[in-house]
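To be precise, the following lines are coords.pdb, and they hold PDB, C-alpha atoms.
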ATOM      1  CA  ASN A1001       0.000   0.000   0.000  1.00  0.00           C
ATOM      2  CA  ALA A1002       1.948   3.005  -1.279  1.00  0.00           C
ATOM      3  CA  GLY A1003      -0.626   5.623  -0.204  1.00  0.00           C
ATOM      4  CA  VAL A1004      -0.301   8.846  -2.216  1.00  0.00           C
ATOM      5  CA  THR A1005       2.630   9.143  -4.600  1.00  0.00           C
ATOM      6  CA  GLN A1006       3.745  12.132  -6.662  1.00  0.00           C
ATOM      7  CA  THR A1007       5.887  12.334  -9.776  1.00  0.00           C
ATOM      8  CA  PRO A1008       8.364  13.981 -10.191  1.00  0.00           C
ATOM      9  CA  LYS A1009       9.941  14.915  -6.866  1.00  0.00           C
ATOM     10  CA  PHE A1010      11.881  17.871  -8.270  1.00  0.00           C
ATOM     11  CA  ARG A1011      11.691  19.865 -11.481  1.00  0.00           C
ATOM     12  CA  VAL A1012      13.238  23.016 -12.892  1.00  0.00           C
ATOM     13  CA  LEU A1013      11.396  24.755 -15.721  1.00  0.00           C
ATOM     14  CA  LYS A1014      12.109  27.795 -17.801  1.00  0.00           C
ATOM     15  CA  THR A1015       9.439  30.466 -18.062  1.00  0.00           C
ATOM     16  CA  GLY A1016       6.897  29.505 -20.702  1.00  0.00           C
ATOM     17  CA  GLN A1017       7.559  25.775 -20.581  1.00  0.00           C
ATOM     18  CA  SER A1018       4.800  23.327 -19.761  1.00  0.00           C
ATOM     19  CA  MET A1019       4.682  20.283 -17.542  1.00  0.00           C
ATOM     20  CA  THR A1020       2.344  17.828 -15.859  1.00  0.00           C
ATOM     21  CA  LEU A1021       2.529  16.677 -12.260  1.00  0.00           C
ATOM     22  CA  LEU A1022       1.133  13.235 -11.587  1.00  0.00           C
ATOM     23  CA  CYS A1023      -0.571  12.148  -8.394  1.00  0.00           C
ATOM     24  CA  ALA A1024      -1.599   8.562  -7.763  1.00  0.00           C
ATOM     25  CA  GLN A1025      -3.385   6.953  -4.802  1.00  0.00           C
ATOM     26  CA  ASP A1026      -4.112   3.315  -4.100  1.00  0.00           C
ATOM     27  CA  MET A1027      -6.662   3.768  -1.303  1.00  0.00           C
ATOM     28  CA  ASN A1028      -9.737   3.965  -3.551  1.00  0.00           C
ATOM     29  CA  HIS A1029     -10.441   7.509  -2.377  1.00  0.00           C
ATOM     30  CA  GLU A1030     -13.076   9.531  -4.182  1.00  0.00           C
ATOM     31  CA  TYR A1031     -11.714  12.948  -3.318  1.00  0.00           C
ATOM     32  CA  MET A1032      -8.370  14.272  -4.514  1.00  0.00           C
ATOM     33  CA  TYR A1033      -6.758  17.682  -4.130  1.00  0.00           C
ATOM     34  CA  TRP A1034      -3.840  19.744  -5.353  1.00  0.00           C
ATOM     35  CA  TYR A1035      -2.249  22.301  -3.027  1.00  0.00           C
ATOM     36  CA  ARG A1036       0.706  24.608  -3.275  1.00  0.00           C
ATOM     37  CA  GLN A1037       2.772  25.596  -0.264  1.00  0.00           C
ATOM     38  CA  ASP A1038       4.849  28.741  -0.190  1.00  0.00           C
ATOM     39  CA  PRO A1039       6.884  30.159   2.701  1.00  0.00           C
ATOM     40  CA  GLY A1040       4.616  32.151   4.998  1.00  0.00           C
ATOM     41  CA  MET A1041       1.515  31.312   2.963  1.00  0.00           C
ATOM     42  CA  GLY A1042       0.577  27.892   4.181  1.00  0.00           C
ATOM     43  CA  LEU A1043      -1.243  25.338   2.052  1.00  0.00           C
ATOM     44  CA  ARG A1044      -3.505  26.819  -0.619  1.00  0.00           C
ATOM     45  CA  LEU A1045      -5.948  24.740  -2.632  1.00  0.00           C
ATOM     46  CA  ILE A1046      -5.474  24.903  -6.397  1.00  0.00           C
ATOM     47  CA  HIS A1047      -8.042  22.418  -7.741  1.00  0.00           C
ATOM     48  CA  TYR A1048      -9.872  19.426  -6.399  1.00  0.00           C
ATOM     49  CA  SER A1049     -11.952  16.495  -7.607  1.00  0.00           C
ATOM     50  CA  VAL A1050     -14.868  14.700  -5.999  1.00  0.00           C
ATOM     51  CA  GLY A1051     -14.724  11.739  -8.335  1.00  0.00           C
ATOM     52  CA  GLU A1052     -13.561  10.365 -11.646  1.00  0.00           C
ATOM     53  CA  GLY A1053     -14.250  12.781 -14.465  1.00  0.00           C
ATOM     54  CA  THR A1054     -15.014  15.744 -12.191  1.00  0.00           C
ATOM     55  CA  THR A1055     -12.850  18.713 -11.212  1.00  0.00           C
ATOM     56  CA  ALA A1056     -13.436  22.048  -9.501  1.00  0.00           C
ATOM     57  CA  LYS A1057     -11.478  25.220  -8.808  1.00  0.00           C
ATOM     58  CA  GLY A1058      -9.977  25.963  -5.444  1.00  0.00           C
ATOM     59  CA  GLU A1059      -8.566  29.144  -3.981  1.00  0.00           C
ATOM     60  CA  VAL A1060      -5.720  29.735  -6.491  1.00  0.00           C
ATOM     61  CA  PRO A1061      -6.603  28.000  -9.802  1.00  0.00           C
ATOM     62  CA  ASP A1062      -5.214  30.511 -12.306  1.00  0.00           C
ATOM     63  CA  GLY A1063      -2.416  29.167 -14.499  1.00  0.00           C
ATOM     64  CA  TYR A1064      -3.237  25.530 -13.733  1.00  0.00           C
ATOM     65  CA  ASN A1065      -5.411  22.846 -15.253  1.00  0.00           C
ATOM     66  CA  VAL A1066      -6.316  19.422 -13.918  1.00  0.00           C
ATOM     67  CA  SER A1067      -7.761  16.160 -15.101  1.00  0.00           C
ATOM     68  CA  ARG A1068      -9.145  13.086 -13.331  1.00  0.00           C
ATOM     69  CA  LEU A1069      -9.599  10.502 -16.054  1.00  0.00           C
ATOM     70  CA  LYS A1070      -9.049   7.608 -13.674  1.00  0.00           C
ATOM     71  CA  LYS A1071     -10.153   7.418 -10.060  1.00  0.00           C
ATOM     72  CA  GLN A1072      -6.657   6.730  -8.797  1.00  0.00           C
ATOM     73  CA  ASN A1073      -4.912   9.530 -10.707  1.00  0.00           C
ATOM     74  CA  PHE A1074      -5.122  13.308 -10.535  1.00  0.00           C
ATOM     75  CA  LEU A1075      -2.977  15.339 -12.931  1.00  0.00           C
ATOM     76  CA  LEU A1076      -1.957  18.963 -12.496  1.00  0.00           C
ATOM     77  CA  GLY A1077      -0.835  20.814 -15.615  1.00  0.00           C
ATOM     78  CA  LEU A1078       1.043  24.056 -16.088  1.00  0.00           C
ATOM     79  CA  GLU A1079       0.605  25.192 -19.671  1.00  0.00           C
ATOM     80  CA  SER A1080       3.016  28.144 -19.566  1.00  0.00           C
ATOM     81  CA  ALA A1081       5.058  28.214 -16.400  1.00  0.00           C
ATOM     82  CA  ALA A1082       5.786  31.516 -14.645  1.00  0.00           C
ATOM     83  CA  PRO A1083       8.278  32.288 -11.854  1.00  0.00           C
ATOM     84  CA  SER A1084       5.280  32.924  -9.546  1.00  0.00           C
ATOM     85  CA  GLN A1085       4.523  29.214  -9.814  1.00  0.00           C
ATOM     86  CA  THR A1086       7.764  28.306  -8.082  1.00  0.00           C
ATOM     87  CA  SER A1087       6.495  26.368  -5.097  1.00  0.00           C
ATOM     88  CA  VAL A1088       6.120  22.995  -3.441  1.00  0.00           C
ATOM     89  CA  TYR A1089       3.073  21.154  -4.741  1.00  0.00           C
ATOM     90  CA  PHE A1090       1.226  18.608  -2.629  1.00  0.00           C
ATOM     91  CA  CYS A1091      -1.425  16.182  -3.704  1.00  0.00           C
ATOM     92  CA  ALA A1092      -3.865  14.745  -1.175  1.00  0.00           C
ATOM     93  CA  SER A1093      -6.783  12.349  -1.146  1.00  0.00           C
ATOM     94  CA  SER A1094      -9.579  11.494   1.269  1.00  0.00           C
ATOM     95  CA  TYR A1095     -12.544   9.219   1.850  1.00  0.00           C
ATOM     96  CA  THR A1096     -16.121  10.229   1.154  1.00  0.00           C
ATOM     97  CA  ASP A1097     -17.326   9.052   4.569  1.00  0.00           C
ATOM     98  CA  ARG A1098     -18.854  11.994   6.391  1.00  0.00           C
ATOM     99  CA  GLY A1099     -20.458  10.052   9.174  1.00  0.00           C
ATOM    100  CA  PRO A1100     -20.313  10.890  12.880  1.00  0.00           C
ATOM    101  CA  THR A1101     -17.065   8.986  13.370  1.00  0.00           C
ATOM    102  CA  SER A1102     -15.272  10.179  10.262  1.00  0.00           C
ATOM    103  CA  SER A1103     -11.945  11.927  10.768  1.00  0.00           C
ATOM    104  CA  TYR A1104     -12.127  13.668   7.368  1.00  0.00           C
ATOM    105  CA  GLU A1105      -8.444  12.891   7.206  1.00  0.00           C
ATOM    106  CA  GLN A1106      -6.516  14.015   4.156  1.00  0.00           C
ATOM    107  CA  TYR A1107      -3.641  11.785   3.070  1.00  0.00           C
ATOM    108  CA  PHE A1108      -0.812  13.765   1.540  1.00  0.00           C
ATOM    109  CA  GLY A1109       1.876  12.825  -0.939  1.00  0.00           C
ATOM    110  CA  PRO A1110       5.551  13.686  -0.435  1.00  0.00           C
ATOM    111  CA  GLY A1111       5.406  16.808  -2.596  1.00  0.00           C
ATOM    112  CA  THR A1112       6.972  18.080  -5.814  1.00  0.00           C
ATOM    113  CA  ARG A1113       9.429  20.957  -5.577  1.00  0.00           C
ATOM    114  CA  LEU A1114       9.098  23.072  -8.714  1.00  0.00           C
ATOM    115  CA  THR A1115      11.378  25.951  -9.647  1.00  0.00           C
ATOM    116  CA  VAL A1116      10.562  28.198 -12.596  1.00  0.00           C
ATOM    117  CA  THR A1117      13.432  30.389 -13.795  1.00  0.00           C
TER     118      THR A1117
ATOM    119  CA  SER B1401     -13.091  37.615   5.175  1.00  0.00           C
ATOM    120  CA  GLN B1402     -12.353  34.250   6.732  1.00  0.00           C
ATOM    121  CA  LYS B1403      -9.056  34.066   8.480  1.00  0.00           C
ATOM    122  CA  ILE B1404      -7.115  31.367  10.340  1.00  0.00           C
ATOM    123  CA  GLU B1405      -4.223  32.512  12.505  1.00  0.00           C
ATOM    124  CA  GLN B1406      -1.388  30.481  13.892  1.00  0.00           C
ATOM    125  CA  ASN B1407       1.646  31.980  15.565  1.00  0.00           C
ATOM    126  CA  SER B1408       4.281  32.520  12.899  1.00  0.00           C
ATOM    127  CA  GLU B1409       7.056  32.579  15.470  1.00  0.00           C
ATOM    128  CA  ALA B1410       8.600  29.247  16.373  1.00  0.00           C
ATOM    129  CA  LEU B1411       7.830  27.832  19.801  1.00  0.00           C
ATOM    130  CA  ASN B1412      10.959  26.714  21.632  1.00  0.00           C
ATOM    131  CA  ILE B1413      10.551  24.512  24.702  1.00  0.00           C
ATOM    132  CA  GLN B1414      12.615  22.133  26.807  1.00  0.00           C
ATOM    133  CA  GLU B1415      12.188  18.400  26.617  1.00  0.00           C
ATOM    134  CA  GLY B1416       9.652  17.111  29.097  1.00  0.00           C
ATOM    135  CA  LYS B1417       7.584  20.302  29.160  1.00  0.00           C
ATOM    136  CA  THR B1418       4.111  20.719  27.685  1.00  0.00           C
ATOM    137  CA  ALA B1419       3.948  22.480  24.339  1.00  0.00           C
ATOM    138  CA  THR B1420       0.831  24.523  23.607  1.00  0.00           C
ATOM    139  CA  LEU B1421       0.043  25.759  20.131  1.00  0.00           C
ATOM    140  CA  THR B1422      -2.809  28.100  19.248  1.00  0.00           C
ATOM    141  CA  CYS B1423      -5.172  28.304  16.289  1.00  0.00           C
ATOM    142  CA  ASN B1424      -7.500  31.317  16.129  1.00  0.00           C
ATOM    143  CA  TYR B1425     -10.105  31.964  13.489  1.00  0.00           C
ATOM    144  CA  THR B1426     -12.468  34.740  12.447  1.00  0.00           C
ATOM    145  CA  ASN B1427     -15.566  34.882  10.243  1.00  0.00           C
ATOM    146  CA  TYR B1428     -15.858  31.129  10.356  1.00  0.00           C
ATOM    147  CA  SER B1429     -18.427  28.668  11.620  1.00  0.00           C
ATOM    148  CA  PRO B1430     -16.391  25.486  11.552  1.00  0.00           C
ATOM    149  CA  ALA B1431     -18.073  22.128  11.823  1.00  0.00           C
ATOM    150  CA  TYR B1432     -14.767  20.576  12.745  1.00  0.00           C
ATOM    151  CA  LEU B1433     -11.120  21.400  13.162  1.00  0.00           C
ATOM    152  CA  GLN B1434      -8.120  19.226  12.398  1.00  0.00           C
ATOM    153  CA  TRP B1435      -4.473  19.285  13.403  1.00  0.00           C
ATOM    154  CA  TYR B1436      -1.698  18.035  11.138  1.00  0.00           C
ATOM    155  CA  ARG B1437       2.017  17.576  11.624  1.00  0.00           C
ATOM    156  CA  GLN B1438       4.496  18.423   8.877  1.00  0.00           C
ATOM    157  CA  ASP B1439       8.165  17.501   8.909  1.00  0.00           C
ATOM    158  CA  PRO B1440      10.660  19.334   6.641  1.00  0.00           C
ATOM    159  CA  GLY B1441      10.478  18.122   3.059  1.00  0.00           C
ATOM    160  CA  ARG B1442       7.402  15.963   3.668  1.00  0.00           C
ATOM    161  CA  GLY B1443       3.659  16.200   3.326  1.00  0.00           C
ATOM    162  CA  PRO B1444       1.391  16.917   6.320  1.00  0.00           C
ATOM    163  CA  VAL B1445       0.202  13.996   8.408  1.00  0.00           C
ATOM    164  CA  PHE B1446      -3.171  13.977  10.156  1.00  0.00           C
ATOM    165  CA  LEU B1447      -3.145  13.910  13.961  1.00  0.00           C
ATOM    166  CA  LEU B1448      -6.553  14.721  15.431  1.00  0.00           C
ATOM    167  CA  LEU B1449     -10.011  16.011  14.605  1.00  0.00           C
ATOM    168  CA  ILE B1450     -12.364  17.786  16.992  1.00  0.00           C
ATOM    169  CA  ARG B1451     -15.978  18.635  16.196  1.00  0.00           C
ATOM    170  CA  GLU B1452     -17.811  21.848  17.022  1.00  0.00           C
ATOM    171  CA  ASN B1453     -19.826  20.142  19.751  1.00  0.00           C
ATOM    172  CA  GLU B1454     -16.728  18.705  21.446  1.00  0.00           C
ATOM    173  CA  LYS B1455     -14.689  20.583  24.033  1.00  0.00           C
ATOM    174  CA  GLU B1456     -11.670  18.327  24.208  1.00  0.00           C
ATOM    175  CA  LYS B1457     -10.074  15.384  22.444  1.00  0.00           C
ATOM    176  CA  ARG B1458      -7.093  13.277  23.520  1.00  0.00           C
ATOM    177  CA  LYS B1459      -4.785  10.860  21.803  1.00  0.00           C
ATOM    178  CA  GLU B1460      -1.799   9.546  23.721  1.00  0.00           C
ATOM    179  CA  ARG B1461       0.307  12.642  24.600  1.00  0.00           C
ATOM    180  CA  LEU B1462      -1.808  14.940  22.449  1.00  0.00           C
ATOM    181  CA  LYS B1463      -4.764  17.004  23.593  1.00  0.00           C
ATOM    182  CA  VAL B1464      -6.890  19.375  21.554  1.00  0.00           C
ATOM    183  CA  THR B1465      -9.457  21.834  22.863  1.00  0.00           C
ATOM    184  CA  PHE B1466     -12.032  23.723  20.861  1.00  0.00           C
ATOM    185  CA  ASP B1467     -13.759  26.864  22.108  1.00  0.00           C
ATOM    186  CA  THR B1468     -16.262  28.120  19.546  1.00  0.00           C
ATOM    187  CA  THR B1469     -17.061  31.152  21.714  1.00  0.00           C
ATOM    188  CA  LEU B1470     -13.438  32.293  21.779  1.00  0.00           C
ATOM    189  CA  LYS B1471     -12.992  30.996  18.204  1.00  0.00           C
ATOM    190  CA  GLN B1472      -9.878  29.185  19.254  1.00  0.00           C
ATOM    191  CA  SER B1473      -8.327  25.744  19.386  1.00  0.00           C
ATOM    192  CA  LEU B1474      -5.388  24.804  21.584  1.00  0.00           C
ATOM    193  CA  PHE B1475      -3.102  21.900  20.758  1.00  0.00           C
ATOM    194  CA  HIS B1476      -1.075  20.442  23.612  1.00  0.00           C
ATOM    195  CA  ILE B1477       1.781  17.959  23.560  1.00  0.00           C
ATOM    196  CA  THR B1478       2.618  16.724  27.033  1.00  0.00           C
ATOM    197  CA  ALA B1479       6.047  15.378  28.021  1.00  0.00           C
ATOM    198  CA  SER B1480       7.437  16.768  24.788  1.00  0.00           C
ATOM    199  CA  GLN B1481      10.402  15.106  23.082  1.00  0.00           C
ATOM    200  CA  PRO B1482      12.907  16.339  20.483  1.00  0.00           C
ATOM    201  CA  ALA B1483      11.158  14.006  18.016  1.00  0.00           C
ATOM    202  CA  ASP B1484       8.050  16.197  18.383  1.00  0.00           C
ATOM    203  CA  SER B1485       9.895  19.032  16.642  1.00  0.00           C
ATOM    204  CA  ALA B1486       7.947  19.831  13.479  1.00  0.00           C
ATOM    205  CA  THR B1487       5.474  22.315  12.048  1.00  0.00           C
ATOM    206  CA  TYR B1488       1.891  21.901  13.200  1.00  0.00           C
ATOM    207  CA  LEU B1489      -0.985  23.005  10.996  1.00  0.00           C
ATOM    208  CA  CYS B1490      -4.593  23.541  11.955  1.00  0.00           C
ATOM    209  CA  ALA B1491      -7.340  23.187   9.365  1.00  0.00           C
ATOM    210  CA  LEU B1492     -11.005  24.196   9.548  1.00  0.00           C
ATOM    211  CA  SER B1493     -14.027  23.019   7.612  1.00  0.00           C
ATOM    212  CA  SER B1494     -17.469  24.557   7.624  1.00  0.00           C
ATOM    213  CA  GLY B1495     -20.619  22.488   7.826  1.00  0.00           C
ATOM    214  CA  GLY B1496     -21.332  20.659   4.600  1.00  0.00           C
ATOM    215  CA  SER B1497     -17.821  21.147   3.232  1.00  0.00           C
ATOM    216  CA  TYR B1498     -15.332  18.321   3.052  1.00  0.00           C
ATOM    217  CA  ILE B1499     -12.515  20.680   2.080  1.00  0.00           C
ATOM    218  CA  PRO B1500     -10.494  22.170   4.938  1.00  0.00           C
ATOM    219  CA  THR B1501      -8.776  25.523   4.895  1.00  0.00           C
ATOM    220  CA  PHE B1502      -5.314  25.374   6.409  1.00  0.00           C
ATOM    221  CA  GLY B1503      -3.544  27.797   8.673  1.00  0.00           C
ATOM    222  CA  ARG B1504       0.081  28.698   7.986  1.00  0.00           C
ATOM    223  CA  GLY B1505       1.392  26.483  10.750  1.00  0.00           C
ATOM    224  CA  THR B1506       3.579  26.968  13.800  1.00  0.00           C
ATOM    225  CA  SER B1507       7.040  25.498  14.132  1.00  0.00           C
ATOM    226  CA  LEU B1508       7.752  23.652  17.374  1.00  0.00           C
ATOM    227  CA  ILE B1509      11.331  23.061  18.477  1.00  0.00           C
ATOM    228  CA  VAL B1510      11.916  20.821  21.472  1.00  0.00           C
ATOM    229  CA  HIS B1511      15.381  21.145  22.963  1.00  0.00           C
ATOM    230  CA  PRO B1512      17.016  18.175  24.726  1.00  0.00           C
TER     231      PRO B1512
END
Please express the file's structure as structure tokens.
Amino acid sequence: NAGVTQTPKFRVLKTGQSMTLLCAQDMNHEYMYWYRQDPGMGLRLIHYSVGEGTTAKGEVPDGYNVSRLKKQNFLLGLESAAPSQTSVYFCASSYTDRGPTSSYEQYFGPGTRLTVT
Amino acid sequence: SQKIEQNSEALNIQEGKTATLTCNYTNYSPAYLQWYRQDPGRGPVFLLLIRENEKEKRKERLKVTFDTTLKQSLFHITASQPADSATYLCALSSGGSYIPTFGRGTSLIVHP
């Protein structure tokens, strides 16, 4: 059981280049999320998905696109990278259970450190 | 606007003492509040959840309180150890939402 994995771990891009970050989970979770974490800013939600084939915008969606073609995968795309997108990106997933004993726990991946020059 | 505040200054304490971290919020009606631990270079890890109708929750050396009147949660680690050194994040979710909003986190440093 690998949990949540992210590919790649590190990446350096030049301004204007594109790339895709891959997130995979093997826990059969319905919900998946992409966050970015910047010094002093905390975790900010970029996009999220409540199930296969569905996506929605979070707090800071501009400059990013996502796709959830398979339940276990959630892809984050940068079409034209900008230095402002230099950050650490975290993927997370969670269960749909919202019962009285649910912990609403989010399971996070190890992160992708992206630098845009 | 909604705001979650955690002390940006690191908390330094001696081993064996109780560490207390604070999470304050404004313009929020949270249904529940979570605490996560984050080690350098790693993703956050869930620790505890407390619901709006609960005053206190415990798990081993951890204790969380939730005061919806003061709009504050306190996170305590008793008998702290150097291995407890990390950044601790609080996260709030409103009723009906499964998506938490995270605070910026507070760094805890436990000195031997």
Exercise answer, chain B residues close to chain A, 6 Å and only C-alpha atoms, as a PyMOL selection string
chain B and resi 1442-1443+1449+1502+1504
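Atom CA of Met1027 of chain A lies 16.8 Å from atom CA of Leu1075 of chain A.
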Between atom CA of Asp1439 of chain B and atom CA of Gln1472 of chain B, what distance in Å does the model show, to one decimal?
23.9 Å
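Across the model, the gap from atom CA of His1511 of chain B to atom CA of Gln1414 of chain B is 4.8 Å.
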On this structure, the PyMOL selection byres ((chain A and resi 1021) around 10) would catch which residues? List them as an MDAnalysis selection string, sorted by chain and number.
chainID A and resid 1006:1009 1011 1019:1020 1022:1023 1034 1066 1074:1078 1089:1091 1112 1114
Can you pull out every residue within 10 Å of Trp1435 of chain B, counting only C-alpha atoms, but drop anything in the same chain fewer than 3 positions away, and send it as an MDAnalysis selection string?
(chainID A and resid 1105) or (chainID B and resid 1423 1444:1450 1464 1473:1475 1488:1492 1502:1503 1505)
Could the residues in this selection be written to a file with C-alpha atoms, as a PDB file, in the frame of the given file?
ATOM      1  CA  GLU A1105      -8.444  12.891   7.206  1.00  0.00           C
TER       2      GLU A1105
ATOM      3  CA  CYS B1423      -5.172  28.304  16.289  1.00  0.00           C
ATOM      4  CA  PRO B1444       1.391  16.917   6.320  1.00  0.00           C
ATOM      5  CA  VAL B1445       0.202  13.996   8.408  1.00  0.00           C
ATOM      6  CA  PHE B1446      -3.171  13.977  10.156  1.00  0.00           C
ATOM      7  CA  LEU B1447      -3.145  13.910  13.961  1.00  0.00           C
ATOM      8  CA  LEU B1448      -6.553  14.721  15.431  1.00  0.00           C
ATOM      9  CA  LEU B1449     -10.011  16.011  14.605  1.00  0.00           C
ATOM     10  CA  ILE B1450     -12.364  17.786  16.992  1.00  0.00           C
ATOM     11  CA  VAL B1464      -6.890  19.375  21.554  1.00  0.00           C
ATOM     12  CA  SER B1473      -8.327  25.744  19.386  1.00  0.00           C
ATOM     13  CA  LEU B1474      -5.388  24.804  21.584  1.00  0.00           C
ATOM     14  CA  PHE B1475      -3.102  21.900  20.758  1.00  0.00           C
ATOM     15  CA  TYR B1488       1.891  21.901  13.200  1.00  0.00           C
ATOM     16  CA  LEU B1489      -0.985  23.005  10.996  1.00  0.00           C
ATOM     17  CA  CYS B1490      -4.593  23.541  11.955  1.00  0.00           C
ATOM     18  CA  ALA B1491      -7.340  23.187   9.365  1.00  0.00           C
ATOM     19  CA  LEU B1492     -11.005  24.196   9.548  1.00  0.00           C
ATOM     20  CA  PHE B1502      -5.314  25.374   6.409  1.00  0.00           C
ATOM     21  CA  GLY B1503      -3.544  27.797   8.673  1.00  0.00           C
ATOM     22  CA  GLY B1505       1.392  26.483  10.750  1.00  0.00           C
TER      23      GLY B1505
END
